[in-house]
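One file, query.txt, carrying compact mmCIF, C-alpha atoms:
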```txt
# COMPACT_ATOMS: atom_id res chain seq x y z
CA VAL A 1 32.20 18.09 2.23
CA LYS A 2 29.90 19.05 5.07
CA TYR A 3 26.31 19.64 3.94
CA ASP A 4 25.23 23.22 4.72
CA GLY A 5 21.60 23.11 3.49
CA THR A 6 22.25 24.48 0.00
CA PHE A 7 21.88 22.59 -3.27
CA GLU A 8 25.40 22.03 -4.53
CA THR A 9 25.94 21.99 -8.29
CA ARG A 10 29.72 22.24 -8.60
CA ALA A 11 31.44 19.33 -10.33
CA GLY A 12 32.74 16.70 -7.95
CA ILE A 13 30.21 17.43 -5.20
CA LYS A 14 27.79 14.56 -4.55
CA ASP A 15 24.17 15.31 -3.69
CA ASP A 16 21.44 12.66 -3.36
CA ARG A 17 18.86 15.05 -4.79
CA ALA A 18 20.54 15.24 -8.19
CA VAL A 19 18.22 14.17 -11.02
CA TYR A 20 19.65 12.52 -14.12
CA THR A 21 17.74 13.22 -17.34
CA GLU A 22 18.13 12.22 -20.97
CA GLU A 23 16.89 13.11 -24.40
CA ASN A 24 15.06 9.98 -25.49
CA ALA A 25 12.14 10.40 -27.88
CA GLY A 26 10.88 6.86 -27.30
CA HIS A 27 10.67 7.36 -23.54
CA GLU A 28 8.98 10.74 -24.01
CA TYR A 29 6.30 9.23 -26.24
CA ASP A 30 5.76 6.44 -23.71
CA ALA A 31 5.16 9.16 -21.11
CA ILE A 32 2.63 10.83 -23.42
CA ILE A 33 0.75 7.53 -23.77
CA GLY A 34 0.53 7.09 -20.00
CA LEU A 35 -0.50 10.70 -19.38
CA ALA A 36 -3.14 10.69 -22.13
CA ALA A 37 -4.63 7.42 -20.86
CA ALA A 38 -4.61 8.74 -17.28
CA ALA A 39 -6.38 11.93 -18.38
CA ARG A 40 -9.18 9.90 -19.94
CA THR A 41 -9.46 7.51 -17.01
CA LEU A 42 -9.44 10.20 -14.32
CA LYS A 43 -11.81 12.61 -16.08
CA GLU A 44 -14.83 11.84 -13.90
CA TYR A 45 -12.97 10.83 -10.73
CA ASN A 46 -10.44 13.66 -10.49
CA PRO A 47 -11.00 16.25 -13.25
CA ASP A 48 -8.26 18.58 -12.00
CA LEU A 49 -5.61 15.89 -12.12
CA ALA A 50 -6.98 14.69 -15.47
CA ALA A 51 -6.58 18.18 -16.90
CA ARG A 52 -3.01 18.38 -15.63
CA CYS A 53 -2.20 15.01 -17.20
CA LEU A 54 -3.64 16.05 -20.56
CA LYS A 55 -1.83 19.39 -20.49
CA ALA A 56 1.46 17.62 -19.77
CA ALA A 57 0.83 15.11 -22.56
CA THR A 58 -0.03 17.72 -25.19
CA ASN A 59 2.84 20.00 -24.17
CA LEU A 60 5.24 17.08 -24.41
CA TRP A 61 3.84 16.14 -27.83
CA ASN A 62 4.48 19.65 -29.12
CA MET A 63 8.11 19.71 -27.99
CA PRO A 64 10.57 19.59 -30.91
CA ARG A 65 12.62 16.38 -30.99
CA GLU A 66 14.45 14.13 -33.39
CA VAL A 67 12.36 11.07 -34.23
CA LYS A 68 14.42 8.14 -35.44
CA ARG A 69 13.24 4.90 -36.96
CA PHE A 70 12.55 3.03 -33.74
CA SER A 71 11.01 5.95 -31.87
CA GLN A 72 8.55 6.52 -34.73
CA PHE A 73 6.56 3.52 -33.52
CA ALA A 74 6.23 5.12 -30.08
CA GLN A 75 5.24 8.37 -31.79
CA ILE A 76 2.44 6.65 -33.72
CA LYS A 77 1.18 4.96 -30.55
CA ALA A 78 1.27 8.27 -28.68
CA ALA A 79 -0.75 9.95 -31.44
CA SER A 80 -3.26 7.09 -31.25
CA GLU A 81 -3.68 7.47 -27.48
CA LEU A 82 -4.08 11.23 -27.79
CA MET A 83 -6.62 10.70 -30.58
CA VAL A 84 -8.67 8.35 -28.40
CA THR A 85 -8.52 10.79 -25.48
CA THR A 86 -9.13 14.07 -27.32
CA GLY A 87 -10.44 13.35 -30.82
CA ASP A 88 -8.35 16.34 -31.90
CA LYS A 89 -7.81 16.98 -35.61
CA VAL A 90 -4.05 17.35 -35.02
CA TYR A 91 -3.68 13.68 -34.15
CA ARG A 92 -6.18 12.59 -36.78
CA ASP A 93 -4.23 14.34 -39.52
CA PHE A 94 -0.92 13.01 -38.21
CA LEU A 95 -2.15 9.40 -38.29
CA ILE A 96 -3.61 9.79 -41.77
CA GLN A 97 -0.30 11.20 -42.93
CA LYS A 98 1.49 8.19 -41.43
CA LYS A 99 -0.88 5.56 -42.82
CA ASP A 100 1.72 4.06 -45.18
CA THR A 101 4.29 3.74 -42.38
CA ILE A 102 1.64 2.21 -40.11
CA ALA A 103 0.69 -0.30 -42.79
CA LYS A 104 4.33 -1.22 -43.48
CA TYR A 105 5.20 -1.75 -39.80
CA ILE A 106 1.80 -2.83 -38.56
CA GLN A 107 2.76 -5.41 -35.92
CA PRO A 108 4.28 -3.15 -33.20
CA VAL A 109 1.53 -0.51 -33.49
CA ALA A 110 -1.56 -2.47 -34.51
CA TRP A 111 -3.12 -2.87 -31.06
CA MET A 112 -2.96 0.90 -30.53
CA VAL A 113 -4.05 2.16 -33.95
CA VAL A 114 -7.07 -0.17 -34.22
CA ARG A 115 -8.71 1.91 -31.50
CA THR A 116 -8.65 4.91 -33.85
CA LEU A 117 -10.57 3.17 -36.64
CA PRO A 118 -14.01 4.19 -35.29
CA LEU A 119 -12.75 7.76 -34.78
CA ILE A 120 -11.06 8.53 -38.11
CA ASP A 121 -13.53 8.68 -41.00
CA ASP A 122 -11.02 8.55 -43.82
CA ALA A 123 -11.37 5.92 -46.54
CA GLY A 124 -7.66 5.82 -47.37
CA TYR A 125 -6.65 5.39 -43.74
CA LYS A 126 -9.15 2.60 -43.13
CA ALA A 127 -8.23 0.79 -46.34
CA ALA A 128 -4.48 0.90 -45.64
CA LEU A 129 -4.95 -0.43 -42.11
CA GLN A 130 -7.45 -3.08 -43.12
CA GLU A 131 -5.10 -4.54 -45.72
CA ALA A 132 -2.19 -4.58 -43.28
CA LEU A 133 -4.31 -6.15 -40.54
CA LYS A 134 -5.30 -9.00 -42.88
CA LYS A 135 -1.62 -9.90 -43.22
CA LEU A 136 -1.12 -9.55 -39.48
CA THR A 137 -3.72 -12.24 -38.78
CA ASN A 138 -1.55 -14.72 -40.69
CA ASP A 139 1.54 -13.66 -38.73
CA ILE A 140 -0.27 -14.13 -35.40
CA THR A 141 -1.55 -17.55 -36.44
CA ALA A 142 2.00 -18.56 -37.35
CA GLN A 143 3.30 -17.28 -34.01
CA GLY A 144 0.64 -19.27 -32.18
CA LYS A 145 1.85 -22.46 -33.87
CA GLU A 146 5.41 -21.98 -32.61
CA THR A 147 4.60 -23.77 -29.33
CA PRO A 148 2.02 -26.30 -28.08
CA TYR A 149 0.70 -23.50 -25.87
CA GLY A 150 -0.68 -21.36 -28.68
CA VAL A 151 1.65 -18.42 -27.99
CA PRO A 152 5.12 -17.40 -29.19
CA TYR A 153 7.72 -18.06 -26.50
CA ARG A 154 11.11 -16.55 -27.27
CA PRO A 155 12.79 -15.87 -23.90
CA TYR A 156 16.16 -14.16 -24.11
CA ILE A 157 16.75 -14.54 -20.36
CA TRP A 158 15.54 -17.15 -17.87
CA GLY A 159 11.95 -16.80 -16.75
CA ALA A 160 10.95 -14.10 -19.26
CA GLY A 161 7.17 -13.96 -19.39
CA TRP A 162 6.47 -10.29 -20.04
CA GLY A 163 6.61 -10.79 -23.81
CA ILE A 164 3.68 -13.21 -23.60
CA GLN A 165 1.81 -10.84 -21.28
CA GLU A 166 2.26 -8.06 -23.82
CA PHE A 167 1.20 -10.40 -26.63
CA GLY A 168 -1.97 -11.33 -24.73
CA VAL A 169 -2.95 -7.71 -24.01
CA GLN A 170 -2.47 -6.81 -27.67
CA GLN A 171 -4.76 -9.66 -28.76
CA TYR A 172 -7.53 -8.23 -26.58
CA PHE A 173 -7.56 -4.89 -28.38
CA LEU A 174 -7.22 -6.47 -31.82
CA ALA A 175 -10.17 -8.80 -31.19
CA LYS A 176 -12.29 -6.04 -29.65
CA TYR A 177 -11.87 -3.51 -32.45
CA VAL A 178 -11.46 -5.80 -35.49
CA PRO A 179 -13.56 -8.87 -34.61
CA ASP A 180 -13.90 -9.91 -38.25
CA LEU A 181 -10.14 -10.60 -38.41
CA PHE A 182 -9.08 -11.40 -34.84
CA THR A 183 -10.39 -13.56 -31.97
CA TYR A 184 -9.79 -13.71 -28.22
CA GLU A 185 -8.22 -17.18 -28.58
CA TYR A 186 -4.63 -15.98 -28.33
CA MET A 187 -5.42 -13.69 -25.41
CA PHE A 188 -6.71 -16.70 -23.45
CA ASN A 189 -3.73 -18.78 -24.58
CA ALA A 190 -1.43 -16.13 -23.12
CA LEU A 191 -3.44 -16.07 -19.89
CA ASN A 192 -3.30 -19.87 -19.58
CA PHE A 193 0.46 -19.75 -20.13
CA LEU A 194 0.88 -17.27 -17.29
CA LEU A 195 -1.31 -19.32 -14.96
CA GLY A 196 0.75 -22.50 -15.34
CA CYS A 197 0.37 -23.97 -18.81
CA HIS A 198 4.02 -23.52 -19.80
CA PRO A 199 7.09 -25.70 -20.44
CA GLY A 200 9.42 -27.13 -17.81
CA GLU A 201 9.02 -28.93 -14.50
CA ASN A 202 7.69 -25.80 -12.81
CA THR A 203 4.06 -25.40 -13.83
CA ALA A 204 3.25 -22.84 -11.17
CA SER A 205 1.34 -19.69 -11.95
CA PHE A 206 3.32 -16.53 -12.64
CA ALA A 207 0.82 -14.57 -10.49
CA SER A 208 0.94 -15.04 -6.72
CA GLY A 209 -2.30 -16.38 -5.31
CA VAL A 210 -3.84 -17.09 -8.71
CA GLY A 211 -3.95 -20.51 -10.35
CA ALA A 212 -3.98 -24.11 -9.13
CA LYS A 213 -0.29 -23.90 -8.22
CA SER A 214 1.01 -20.57 -7.05
CA ALA A 215 4.26 -19.47 -5.45
CA THR A 216 3.49 -16.81 -2.88
CA ARG A 217 7.18 -16.01 -2.57
CA ALA A 218 7.89 -15.01 -6.14
CA TYR A 219 10.83 -13.89 -8.22
CA GLY A 220 9.94 -10.30 -9.00
CA PHE A 221 11.35 -6.78 -9.13
CA ASN A 222 13.23 -7.45 -5.89
CA ARG A 223 14.62 -10.66 -7.36
CA GLY A 224 14.59 -13.43 -4.74
CA GLU A 225 13.74 -11.26 -1.76
CA TYR A 226 10.29 -12.69 -1.01
CA SER A 227 8.37 -10.39 -3.35
CA TYR A 228 4.68 -10.87 -4.04
CA ILE A 229 3.41 -10.36 -7.59
```

Once more with this new file: its structure as structure tokens, please.
Amino acid sequence: VKYDGTFETRAGIKDDRAVYTEENAGHEYDAIIGLAAAARTLKEYNPDLAARCLKAATNLWNMPREVKRFSQFAQIKAASELMVTTGDKVYRDFLIQKKDTIAKYIQPVAWMVVRTLPLIDDAGYKAALQEALKKLTNDITAQGKETPYGVPYRPYIWGAGWGIQEFGVQQYFLAKYVPDLFTYEYMFNALNFLLGCHPGENTASFASGVGAKSATRAYGFNRGEYSYI
């Protein structure tokens, strides 16, 4: 079919400008988290863009959607990010209402919700989280003992290191906001792992140009095509 400058929507007609969308609550809440964080970060630097980010985040939060078991974790994290950015009562009340769910499934949401502890002055909320976080410290200690490197390493494909990166970032926020229960030890363990202290013959750093041994031609998003991480 010869292209005539119009956007073709009839079935069977291919057009490179077509956009494929989906209804995925987890992805939508991830977008809210990024937009809310961007709004807070850009507030002084680019207030107009910050306002647009926050408007998009709050509008997306208010959209009706079905929240299933696994997307509820993303929902709780999105509410936490919006609470940190806005301090709005809507997100405060939502998190208080979800305190039992948060306490029951503390591990995937802990590093996000701990940032709300200084912002939510509710005794029941603080008590529920505090009790759950005490148990989480034992889980993290057990995970650290799984390897000689002080981090859990459970790769499901060759070369997987993003799980340890995520683990390390989470330890930073836990130690910063709940220093009586968590330390920066596991964050530094994760960093050391990424910079070369990991199993196998290859002890090169995962980050190009950083570490005693570093591969400048790395295996990244472009696979083996000379990417630089």

Go ahead and compute the interatomic distance for CA of Ile120 (chain A) and CA of Lys55 (chain A), in Å to one decimal.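 Value for the CA of Ile120 (chain A)-CA of Lys55 (chain A) distance: 22.7 Å.
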
Kindly compute an axis-aligned box around the listed atoms of region 58-66 of chain A, allowing 6 Å on each side, and express its centre and edge lengths in Å to one decimal as lines of an AutoDock Vina configuration file.
```
center_x = 7.2
center_y = 17.1
center_z = -28.8
size_x = 26.5
size_y = 17.9
size_z = 21.2
```

Determine, counting only C-alpha atoms, which protein, DNA and RNA residues have an atom within 10 Å of an atom of Phe94 (chain A); residues of the same chain fewer than 2 positions away are not included. Present the result as a list in words. Ile76, Ala79, Ser80, Met83, Lys89, Val90, Tyr91, Arg92, Ile96, Gln97, Lys98 and Lys99 of chain A

Measuring atom to atom with only C-alpha atoms, identify which of A:Gln143, A:Gly87, A:Ser71, A:Asp93 is nearest to Val109 (chain A).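 Once distances to Val109 (chain A) are computed over only C-alpha atoms, the minimum belongs to A:Ser71.
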
For a quick check of understanding, using all atoms listed in the file, which of A:Glu166, A:Asp122, A:Glu131, A:Glu28 has the smallest distance to Pro64 (chain A)? A:Glu28

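The smallest atom-to-atom distance between Arg69 (chain A) and any of A:Gly211, A:Thr101, A:Leu95, A:Tyr125, using all atoms listed in the file, is found for A:Thr101.
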
d(CA of Gln170 (chain A), CA of Met63 (chain A)) in Å: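 Answer for the CA of Gln170 (chain A) to CA of Met63 (chain A) separation: 28.6 Å.
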
In Å, rounded to a single decimal, give me how far CA of Ile33 (chain A) is from CA of Phe206 (chain A).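 One can read the CA of Phe206 (chain A) to CA of Ile33 (chain A) distance as 26.6 Å.
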
Please return region 88-99 of chain A, rebuilt to all heavy atoms, as an mmCIF file, in the frame of the given file.
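Contents of rebuild.cif, as written:
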```cif
data_model
loop_
_atom_site.group_PDB
_atom_site.id
_atom_site.type_symbol
_atom_site.label_atom_id
_atom_site.label_comp_id
_atom_site.auth_asym_id
_atom_site.auth_seq_id
_atom_site.Cartn_x
_atom_site.Cartn_y
_atom_site.Cartn_z
ATOM 1 N N ASP A 88 -8.845 15.111 -31.275
ATOM 2 C CA ASP A 88 -8.350 16.340 -31.900
ATOM 3 C C ASP A 88 -7.898 16.099 -33.338
ATOM 4 O O ASP A 88 -7.281 15.074 -33.655
ATOM 5 C CB ASP A 88 -7.185 16.885 -31.075
ATOM 6 C CG ASP A 88 -6.884 18.341 -31.398
ATOM 7 O OD1 ASP A 88 -6.522 18.623 -32.550
ATOM 8 O OD2 ASP A 88 -7.004 19.181 -30.495
ATOM 9 N N LYS A 89 -8.171 17.066 -34.186
ATOM 10 C CA LYS A 89 -7.810 16.980 -35.610
ATOM 11 C C LYS A 89 -6.297 16.861 -35.812
ATOM 12 O O LYS A 89 -5.850 16.253 -36.790
ATOM 13 C CB LYS A 89 -8.339 18.223 -36.336
ATOM 14 C CG LYS A 89 -8.121 18.231 -37.842
ATOM 15 C CD LYS A 89 -8.732 19.480 -38.461
ATOM 16 C CE LYS A 89 -8.588 19.471 -39.986
ATOM 17 N NZ LYS A 89 -7.160 19.510 -40.405
ATOM 18 N N VAL A 90 -5.518 17.424 -34.902
ATOM 19 C CA VAL A 90 -4.050 17.350 -35.020
ATOM 20 C C VAL A 90 -3.584 15.912 -35.087
ATOM 21 O O VAL A 90 -2.768 15.542 -35.948
ATOM 22 C CB VAL A 90 -3.386 18.070 -33.832
ATOM 23 C CG1 VAL A 90 -1.874 17.828 -33.828
ATOM 24 C CG2 VAL A 90 -3.674 19.557 -33.869
ATOM 25 N N TYR A 91 -4.106 15.073 -34.212
ATOM 26 C CA TYR A 91 -3.680 13.680 -34.150
ATOM 27 C C TYR A 91 -4.324 12.868 -35.280
ATOM 28 O O TYR A 91 -3.692 11.945 -35.810
ATOM 29 C CB TYR A 91 -4.008 13.094 -32.788
ATOM 30 C CG TYR A 91 -3.583 14.024 -31.679
ATOM 31 C CD1 TYR A 91 -4.512 14.652 -30.841
ATOM 32 C CD2 TYR A 91 -2.242 14.365 -31.508
ATOM 33 C CE1 TYR A 91 -4.121 15.537 -29.860
ATOM 34 C CE2 TYR A 91 -1.840 15.257 -30.527
ATOM 35 C CZ TYR A 91 -2.786 15.849 -29.708
ATOM 36 O OH TYR A 91 -2.399 16.744 -28.742
ATOM 37 N N ARG A 92 -5.534 13.231 -35.644
ATOM 38 C CA ARG A 92 -6.180 12.590 -36.780
ATOM 39 C C ARG A 92 -5.367 12.792 -38.048
ATOM 40 O O ARG A 92 -5.069 11.837 -38.778
ATOM 41 C CB ARG A 92 -7.596 13.171 -36.970
ATOM 42 C CG ARG A 92 -8.315 12.684 -38.217
ATOM 43 C CD ARG A 92 -9.632 13.442 -38.413
ATOM 44 N NE ARG A 92 -10.344 12.979 -39.585
ATOM 45 C CZ ARG A 92 -10.112 13.414 -40.827
ATOM 46 N NH1 ARG A 92 -9.159 14.314 -41.037
ATOM 47 N NH2 ARG A 92 -10.807 12.932 -41.843
ATOM 48 N N ASP A 93 -4.987 14.026 -38.311
ATOM 49 C CA ASP A 93 -4.230 14.340 -39.520
ATOM 50 C C ASP A 93 -2.850 13.681 -39.500
ATOM 51 O O ASP A 93 -2.355 13.222 -40.540
ATOM 52 C CB ASP A 93 -4.078 15.856 -39.676
ATOM 53 C CG ASP A 93 -5.401 16.548 -39.973
ATOM 54 O OD1 ASP A 93 -6.382 15.838 -40.302
ATOM 55 O OD2 ASP A 93 -5.455 17.794 -39.864
ATOM 56 N N PHE A 94 -2.229 13.638 -38.319
ATOM 57 C CA PHE A 94 -0.920 13.010 -38.210
ATOM 58 C C PHE A 94 -1.006 11.529 -38.569
ATOM 59 O O PHE A 94 -0.167 11.001 -39.325
ATOM 60 C CB PHE A 94 -0.367 13.169 -36.793
ATOM 61 C CG PHE A 94 0.913 12.418 -36.559
ATOM 62 C CD1 PHE A 94 2.127 12.972 -36.894
ATOM 63 C CD2 PHE A 94 0.891 11.139 -36.002
ATOM 64 C CE1 PHE A 94 3.311 12.274 -36.694
ATOM 65 C CE2 PHE A 94 2.064 10.434 -35.802
ATOM 66 C CZ PHE A 94 3.276 11.003 -36.141
ATOM 67 N N LEU A 95 -2.008 10.836 -38.030
ATOM 68 C CA LEU A 95 -2.150 9.400 -38.290
ATOM 69 C C LEU A 95 -2.480 9.127 -39.751
ATOM 70 O O LEU A 95 -1.963 8.160 -40.338
ATOM 71 C CB LEU A 95 -3.213 8.813 -37.363
ATOM 72 C CG LEU A 95 -2.809 8.745 -35.888
ATOM 73 C CD1 LEU A 95 -4.018 8.445 -35.007
ATOM 74 C CD2 LEU A 95 -1.720 7.691 -35.664
ATOM 75 N N ILE A 96 -3.311 9.951 -40.347
ATOM 76 C CA ILE A 96 -3.610 9.790 -41.770
ATOM 77 C C ILE A 96 -2.346 9.974 -42.598
ATOM 78 O O ILE A 96 -2.079 9.218 -43.544
ATOM 79 C CB ILE A 96 -4.707 10.782 -42.210
ATOM 80 C CG1 ILE A 96 -6.049 10.410 -41.564
ATOM 81 C CG2 ILE A 96 -4.841 10.796 -43.735
ATOM 82 C CD1 ILE A 96 -7.146 11.424 -41.810
ATOM 83 N N GLN A 97 -1.553 10.947 -42.233
ATOM 84 C CA GLN A 97 -0.300 11.200 -42.930
ATOM 85 C C GLN A 97 0.662 10.018 -42.810
ATOM 86 O O GLN A 97 1.439 9.733 -43.728
ATOM 87 C CB GLN A 97 0.362 12.460 -42.361
ATOM 88 C CG GLN A 97 1.691 12.828 -43.004
ATOM 89 C CD GLN A 97 2.385 13.974 -42.287
ATOM 90 O OE1 GLN A 97 1.834 14.561 -41.354
ATOM 91 N NE2 GLN A 97 3.593 14.285 -42.707
ATOM 92 N N LYS A 98 0.590 9.307 -41.693
ATOM 93 C CA LYS A 98 1.490 8.190 -41.430
ATOM 94 C C LYS A 98 0.903 6.834 -41.822
ATOM 95 O O LYS A 98 1.470 5.797 -41.471
ATOM 96 C CB LYS A 98 1.833 8.166 -39.935
ATOM 97 C CG LYS A 98 2.696 9.320 -39.461
ATOM 98 C CD LYS A 98 4.131 9.162 -39.934
ATOM 99 C CE LYS A 98 5.037 10.232 -39.367
ATOM 100 N NZ LYS A 98 6.434 10.070 -39.816
ATOM 101 N N LYS A 99 -0.190 6.827 -42.557
ATOM 102 C CA LYS A 99 -0.880 5.560 -42.820
ATOM 103 C C LYS A 99 0.003 4.541 -43.546
ATOM 104 O O LYS A 99 -0.087 3.337 -43.287
ATOM 105 C CB LYS A 99 -2.172 5.804 -43.604
ATOM 106 C CG LYS A 99 -2.029 6.299 -45.020
ATOM 107 C CD LYS A 99 -3.401 6.453 -45.686
ATOM 108 C CE LYS A 99 -3.294 6.826 -47.158
ATOM 109 N NZ LYS A 99 -2.624 8.135 -47.360
#
```
